[in-house]
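Peer 1: Following this line is structure.csv, made up of CSV, C-alpha atoms:
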chain,number,residue,atom,x,y,z
A,1,MET,CA,14.9,21.8,7.1
A,2,SER,CA,13.9,19.1,4.6
A,3,GLY,CA,13.1,20.0,1.0
A,4,GLY,CA,15.4,22.9,1.3
A,5,SER,CA,16.9,22.9,-2.2
A,6,ARG,CA,13.8,24.2,-4.0
A,7,GLY,CA,10.4,26.0,-3.8
A,8,ILE,CA,9.0,26.7,-0.4
A,9,GLY,CA,11.9,25.1,1.4
A,10,ALA,CA,14.5,27.1,-0.4
A,11,ALA,CA,12.6,30.4,0.2
A,12,THR,CA,12.2,29.6,3.9
A,13,ALA,CA,15.9,28.7,4.2
A,14,ARG,CA,16.9,32.1,2.6
A,15,LEU,CA,14.5,34.0,4.9
A,16,ALA,CA,15.6,32.1,8.0
A,17,GLY,CA,19.2,33.0,7.2
A,18,GLU,CA,18.3,36.7,6.8
A,19,ARG,CA,16.7,36.5,10.3
A,20,GLY,CA,19.6,35.0,12.0
A,21,TYR,CA,18.9,31.3,11.9
A,22,ASP,CA,21.7,28.8,11.1
A,23,VAL,CA,20.3,26.5,8.5
A,24,ALA,CA,20.8,22.8,7.5
A,25,VAL,CA,19.4,22.5,4.0
A,26,ALA,CA,18.4,18.9,3.3
A,27,TYR,CA,18.1,17.6,-0.3
A,28,GLU,CA,17.5,14.2,-1.9
A,29,LYS,CA,19.0,14.6,-5.4
A,30,ASP,CA,19.9,18.2,-6.4
A,31,ARG,CA,23.2,18.8,-4.5
A,32,GLU,CA,24.1,21.9,-6.5
A,33,ALA,CA,20.8,23.6,-5.8
A,34,ALA,CA,21.1,22.8,-2.1
A,35,GLU,CA,24.6,24.2,-2.0
A,36,ARG,CA,23.4,27.4,-3.7
A,37,VAL,CA,20.8,27.9,-1.1
A,38,ALA,CA,23.3,27.2,1.7
A,39,ALA,CA,25.6,29.8,0.1
A,40,GLU,CA,22.8,32.4,0.0
A,41,VAL,CA,22.2,31.7,3.7
A,42,ALA,CA,25.9,32.2,4.4
A,43,ASN,CA,26.0,35.4,2.4
A,44,ALA,CA,23.2,36.7,4.7
A,45,GLY,CA,25.5,36.2,7.6
A,46,SER,CA,24.3,32.9,9.1
A,47,ARG,CA,25.9,29.5,9.1
A,48,ALA,CA,24.6,26.8,6.7
A,49,LEU,CA,25.3,23.4,5.3
A,50,ALA,CA,23.7,21.1,2.7
A,51,VAL,CA,23.0,17.5,3.8
A,52,ARG,CA,21.7,14.7,1.5
A,53,ALA,CA,18.7,12.9,3.0
A,54,ASP,CA,15.9,10.9,1.6
A,55,VAL,CA,13.3,11.6,4.4
A,56,ALA,CA,11.6,8.3,3.8
A,57,GLN,CA,14.7,6.6,5.1
A,58,GLU,CA,15.2,6.5,8.8
A,59,ARG,CA,19.0,6.4,8.7
A,60,ASP,CA,19.1,9.5,6.4
A,61,VAL,CA,16.9,11.5,8.8
A,62,VAL,CA,19.0,10.5,11.8
A,63,HIS,CA,22.1,11.4,9.8
A,64,LEU,CA,20.6,14.8,8.9
A,65,PHE,CA,20.0,15.7,12.5
A,66,ASP,CA,23.4,14.4,13.7
A,67,GLU,CA,25.2,16.4,10.9
A,68,ALA,CA,23.3,19.6,11.7
A,69,ALA,CA,24.0,19.3,15.5
A,70,HIS,CA,27.7,18.6,14.9
A,71,ALA,CA,28.2,21.5,12.4
A,72,LEU,CA,25.7,24.0,13.7
A,73,ALA,CA,23.9,23.4,17.0
A,74,PRO,CA,21.1,21.2,18.4
A,75,PRO,CA,17.8,22.1,16.6
A,76,CYS,CA,15.5,24.8,17.9
A,77,ALA,CA,13.4,25.1,14.7
A,78,VAL,CA,12.5,22.4,12.2
A,79,LEU,CA,10.6,22.6,8.9
A,80,ALA,CA,9.4,19.3,7.4
A,81,CYS,CA,8.9,20.5,3.8
A,82,ALA,CA,9.9,17.6,1.6
A,83,GLY,CA,7.0,16.3,-0.5
A,84,VAL,CA,6.1,14.7,-3.8
A,85,THR,CA,2.7,14.7,-5.6
A,86,GLY,CA,3.1,11.4,-7.5
A,87,GLY,CA,1.9,13.1,-10.6
A,88,PHE,CA,-1.7,13.5,-11.8
A,89,SER,CA,-3.8,10.4,-11.8
A,90,ARG,CA,-7.3,9.2,-11.0
A,91,VAL,CA,-7.4,6.8,-8.0
A,92,GLU,CA,-8.4,3.9,-10.3
A,93,ASP,CA,-5.2,4.4,-12.3
A,94,LEU,CA,-2.7,4.6,-9.4
A,95,SER,CA,0.2,2.2,-9.3
A,96,VAL,CA,1.1,0.9,-5.9
A,97,GLN,CA,4.7,2.1,-6.5
A,98,THR,CA,3.4,5.7,-6.8
A,99,LEU,CA,1.2,5.4,-3.7
A,100,GLU,CA,4.0,3.9,-1.7
A,101,ARG,CA,6.4,6.7,-2.6
A,102,VAL,CA,3.9,9.5,-1.9
A,103,LEU,CA,3.0,8.1,1.5
A,104,SER,CA,6.6,7.3,2.3
A,105,VAL,CA,7.9,10.8,1.6
A,106,ASN,CA,4.9,12.9,2.7
A,107,VAL,CA,3.7,11.0,5.7
A,108,ILE,CA,6.5,8.7,7.0
A,109,GLY,CA,9.1,11.4,6.2
A,110,THR,CA,7.2,14.1,8.1
A,111,ILE,CA,6.8,11.8,11.1
A,112,LEU,CA,10.4,10.7,11.1
A,113,LEU,CA,11.6,14.4,11.0
A,114,ALA,CA,9.3,15.3,13.8
A,115,ARG,CA,10.3,12.3,15.8
A,116,GLU,CA,14.0,13.2,15.6
A,117,ALA,CA,13.2,16.8,16.4
A,118,VAL,CA,11.3,15.9,19.5
A,119,ARG,CA,14.0,13.5,20.7
A,120,ARG,CA,16.4,16.5,20.6
A,121,MET,CA,14.1,19.3,21.7
A,122,SER,CA,11.9,17.9,24.4
A,123,THR,CA,12.5,19.2,27.9
A,124,ARG,CA,11.5,15.8,29.1
A,125,ARG,CA,14.5,14.4,27.4
A,126,GLY,CA,16.9,17.2,28.5
A,127,GLY,CA,16.3,19.5,25.5
A,128,ARG,CA,15.6,23.2,25.5
A,129,GLY,CA,12.3,23.1,23.6
A,130,GLY,CA,11.7,24.4,20.1
A,131,SER,CA,9.2,24.7,17.2
A,132,ILE,CA,8.3,22.3,14.4
A,133,VAL,CA,6.4,23.3,11.2
A,134,THR,CA,5.0,20.7,8.8
A,135,VAL,CA,3.7,21.4,5.3
A,136,SER,CA,0.3,20.4,4.1
A,137,SER,CA,-1.7,21.6,1.1
A,138,ILE,CA,-5.1,23.1,0.6
A,139,ALA,CA,-5.7,19.9,-1.3
A,140,ALA,CA,-6.2,18.2,2.1
A,141,GLN,CA,-9.4,20.2,2.4
A,142,LEU,CA,-10.4,20.2,-1.3
A,143,GLY,CA,-9.7,16.5,-1.9
A,144,GLY,CA,-7.8,16.7,-5.2
A,145,ALA,CA,-10.5,14.9,-7.2
A,146,GLY,CA,-9.5,14.0,-10.8
A,147,GLU,CA,-5.9,15.1,-10.2
A,148,TRP,CA,-4.2,13.8,-7.0
A,149,VAL,CA,-6.5,12.4,-4.4
A,150,HIS,CA,-3.5,10.3,-3.2
A,151,TYR,CA,-1.5,13.5,-2.6
A,152,ALA,CA,-4.4,15.2,-0.9
A,153,ALA,CA,-4.9,12.2,1.4
A,154,SER,CA,-1.2,12.2,2.4
A,155,LYS,CA,-1.5,15.9,3.3
A,156,GLY,CA,-4.6,15.2,5.3
A,157,ALA,CA,-2.5,12.7,7.3
A,158,VAL,CA,0.1,15.4,7.9
A,159,GLU,CA,-2.5,17.8,9.3
A,160,THR,CA,-3.9,15.1,11.7
A,161,PHE,CA,-0.4,14.2,12.8
A,162,THR,CA,0.4,17.9,13.4
A,163,VAL,CA,-2.6,18.3,15.7
A,164,GLY,CA,-1.9,15.1,17.6
A,165,LEU,CA,1.8,15.8,18.1
A,166,ALA,CA,1.2,19.3,19.2
A,167,ARG,CA,-1.0,18.1,22.0
A,168,GLU,CA,1.5,15.4,22.9
A,169,VAL,CA,4.5,17.6,23.4
A,170,ALA,CA,3.0,20.9,24.4
A,171,SER,CA,4.1,20.5,28.0
A,172,GLU,CA,7.7,19.6,26.9
A,173,GLY,CA,8.5,23.0,25.4
A,174,ILE,CA,7.7,22.2,21.8
A,175,ARG,CA,5.2,23.9,19.6
A,176,VAL,CA,4.0,22.0,16.4
A,177,ASN,CA,2.1,23.8,13.6
A,178,CYS,CA,1.4,23.4,9.9
A,179,VAL,CA,1.2,25.6,6.9
A,180,SER,CA,-1.3,24.7,4.2
A,181,PRO,CA,-0.4,26.5,1.0
A,182,GLY,CA,-2.8,26.9,-1.9
A,183,LEU,CA,-1.7,27.3,-5.5
A,184,ILE,CA,1.9,28.5,-5.3
A,185,GLU,CA,4.3,29.3,-8.1
A,186,THR,CA,6.9,26.5,-7.5
A,187,GLY,CA,8.3,23.7,-9.5
A,188,LEU,CA,5.9,21.2,-7.9
A,189,HIS,CA,3.4,21.7,-10.7
A,190,ALA,CA,5.9,21.1,-13.5
A,191,ALA,CA,7.2,18.0,-11.7
A,192,ALA,CA,3.6,16.7,-11.7
A,193,GLY,CA,3.3,17.4,-15.5
A,194,ASP,CA,1.5,20.8,-15.6
A,195,SER,CA,3.8,23.8,-15.2
A,196,ASP,CA,0.9,26.2,-16.2
A,197,ARG,CA,-1.5,24.9,-13.5
A,198,PRO,CA,-1.2,27.8,-11.0
A,199,ARG,CA,-1.9,30.4,-13.7
A,200,ARG,CA,-4.6,28.3,-15.4
A,201,LEU,CA,-6.5,28.0,-12.1
A,202,ALA,CA,-5.9,31.6,-10.9
A,203,ALA,CA,-9.5,32.6,-11.7
A,204,GLY,CA,-10.7,30.4,-8.9
A,205,ILE,CA,-8.6,32.1,-6.2
A,206,PRO,CA,-10.4,35.0,-4.4
A,207,LEU,CA,-7.2,37.1,-4.5
A,208,GLY,CA,-7.0,36.5,-8.2
A,209,ARG,CA,-3.5,35.1,-8.4
A,210,PRO,CA,-1.2,32.2,-7.4
A,211,GLY,CA,1.0,32.8,-4.3
A,212,THR,CA,4.7,32.8,-4.1
A,213,ALA,CA,7.1,30.6,-2.1
A,214,ALA,CA,8.3,33.8,-0.3
A,215,GLU,CA,4.8,34.4,0.9
A,216,VAL,CA,4.6,30.9,2.4
A,217,ALA,CA,8.0,31.3,3.9
A,218,GLU,CA,6.8,34.4,5.9
A,219,GLY,CA,4.1,32.2,7.5
A,220,VAL,CA,6.6,29.5,8.3
A,221,LEU,CA,9.0,31.9,9.9
A,222,TRP,CA,6.2,33.4,12.0
A,223,LEU,CA,5.2,30.0,13.3
A,224,LEU,CA,8.8,29.1,14.1
A,225,SER,CA,9.4,32.3,15.9
A,226,SER,CA,8.6,33.5,19.4
A,227,ALA,CA,6.0,35.8,17.9
A,228,ALA,CA,3.8,32.7,17.7
A,229,SER,CA,4.5,31.6,21.3
A,230,TYR,CA,0.8,30.8,22.1
A,231,THR,CA,0.2,29.0,18.8
A,232,THR,CA,0.4,25.2,18.6
A,233,GLY,CA,-1.7,22.7,16.7
A,234,ALA,CA,-2.7,25.3,14.2
A,235,ILE,CA,-3.2,24.7,10.4
A,236,LEU,CA,-2.3,28.0,8.8
A,237,ARG,CA,-3.9,28.4,5.3
A,238,ILE,CA,-1.9,30.5,2.9
A,239,SER,CA,-4.1,30.1,-0.1
A,240,GLY,CA,-5.4,33.4,-1.3
A,241,GLY,CA,-8.8,32.7,0.2
A,242,ARG,CA,-9.3,29.5,-1.8
Do you think you could lay out the structure here as structure tokens?
Peer 2:
Amino acid sequence: MSGGSRGIGAATARLAGERGYDVAVAYEKDREAAERVAAEVANAGSRALAVRADVAQERDVVHLFDEAAHALAPPCAVLACAGVTGGFSRVEDLSVQTLERVLSVNVIGTILLAREAVRRMSTRRGGRGGSIVTVSSIAAQLGGAGEWVHYAASKGAVETFTVGLAREVASEGIRVNCVSPGLIETGLHAAAGDSDRPRRLAAGIPLGRPGTAAEVAEGVLWLLSSAASYTTGAILRISGGR
């Protein structure tokens, strides 16, 4: 899974390990964090490895899948979780560098990860099928006005891609779904420059609180599992009613 060293990705990796999945934890920069997550997966009784990969780079994504297949097994469940917000900015103040990075990681990265998963899973190509989960954000529906319209737009693209790919590969043994988290207590907000944002906006959430990465991980694992065998092309909101 990409983005496995922190936040939702790390929580999902831990839960997957507890439920018997072998896990490849992909990271871009924080090797120590990724190796800690891999160690926790191993302590739960599953096999794990940490692999460095910038998902915006095709060669890194191919390397990730090759390493995982060599050390563990061909993929049966893939989570495309890596994402960046690009920080808070009105559209009129965006730099092209920020926009390119957000779209490269969030959109191109997701598509590359899914492409490599399909190449290895598709029964049309000799694979055994499997499940892919992408990660959007409730911002895709709300728009992110005044904060991160650029980020919201990238996540809207992820949702459209999920629906299209799900229909494209449904007859090839592959299910493709998406989780759309709301305000979740992760480091994403601090990275964007406002660590208090989930608590500050909690009053606008019908359930009255931010969510946790562990709660999102439960949704991801359900979509990846055979319990969701008749679910594909779905966008699962995990947003406290927001």
Peer 1: Grab the CA of Ala53 in chain A to CA of Val158 in chain A distance for me, in Å with one decimal place.
Peer 2: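 Spanning CA of Ala53 in chain A to CA of Val158 in chain A is a straight-line distance of 19.4 Å.
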Peer 1: Env of range 133-146 of chain A: 9 Å cut, atoms = all atoms listed in the file, seq-sep filter 2 positions within chain, self excluded. Answer as a ChimeraX atom specification.
Peer 2: /A:77-83,88-91,106,110,114,131,148-159,162,175-183,220,223-224,235,237-239,242
Peer 1: Would you mind telling me which residue in A:Ser122, A:Glu58, A:Ala33, A:Ala234 lies nearest to Gly9 in chain A when using only C-alpha atoms?
Peer 2: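 Of A:Ser122, A:Glu58, A:Ala33, A:Ala234, the one nearest Gly9 in chain A is A:Ala33, counting only C-alpha atoms.
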Peer 1: In Å, how far is it from CA of Arg115 in chain A to CA of Glu215 in chain A?
Peer 2: 27.2 Å
Peer 1: Between A:Gly130, A:Gly173, A:Gly109, A:Gly187, which one has atoms that come closest to Asp54 in chain A, using all atoms listed in the file?
Peer 2: A:Gly109
Peer 1: Take CA of Glu116 in chain A and CA of Ala39 in chain A and report the distance between them in Å, one decimal.
Peer 2: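 One can read the CA of Glu116 in chain A to CA of Ala39 in chain A distance as 25.5 Å.
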Peer 1: Given only C-alpha atoms as the basis, pick out the residue of A:Gly45, A:Arg167, A:Gly129, A:Gly241 nearest to Ala203 in chain A.
Peer 2: A:Gly241
